[in-house]
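Worksheet for the structure shown next.
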Amino acid sequence: MLAINNQAKFKEIVKNALAKSANFPRWQSAINKAVVQIQLQPEFITWLPETKSIVIWNQESNHVHSANGVCDCLAFTKYNVPCFHRAMARLIRIYMETEEQNNRADITDWRTESQTPYFPAQLQRTRSTETIGKVRI
Ligand SMILES: [Zn+2]
């Protein structure tokens, strides 16, 4: 099941996609249908991070499709027109990558914070020249 936890972020991604495809009515309708399907039937959509693709069980046609940049449906294989599966795969991929980056950014912040010296004065002292025995290092 597909989980879009950050609805505001997803809406922003959809808005950008619709703006970018303003001159391509077929993509616009594919994007709109994808969004409706995501809202209505997330339980029939699976995101596969390894292949950056989706698997969707289309309830209208009762077909299962796999899509990323390509798709195995008739719209793509026979007529080579934008299908909502590809639009959906792209929207979800952008969303998932954005979420990944956010998570990575959080980890980076956490690491930076955890490396902040507790006792700066003490750390500074260790940075000055040290001696082991009689040898300066
Ligand atoms: Zn398709």
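Each chain in the structure tokens gets a letter, A, B, ..., in the order shown, and its residues are numbered from 1; ligands are numbered from 1 in order too.
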
- Task: Kindly compile the residues surrounding ligand 1 within 7 Å, counting only C-alpha atoms and all ligand atoms, and format them as a count of residues only.
- Result: 12

- Query: So which one's closest to Leu40 in chain A, A:Gln59, A:Asn23, A:Gln28, A:Gln101? Using only C-alpha atoms, please.
  - Reply: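 Of the candidates, the smallest distance to Leu40 in chain A is held by A:Gln59.
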
- With only C-alpha atoms as the basis for distance, which of A:Gln7, A:Val14, A:Lys20, A:Ala105 is at the shortest distance from Val35 in chain A? A:Val14

- Query: Quick one, how far is CA of Trp27 in chain A from CA of Tyr79 in chain A?
  - Reply: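 Between CA of Trp27 in chain A and CA of Tyr79 in chain A the gap is 14.1 Å.
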
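Atom to atom, CA of Glu12 in chain A and CA of Thr98 in chain A stand 11.4 Å apart.
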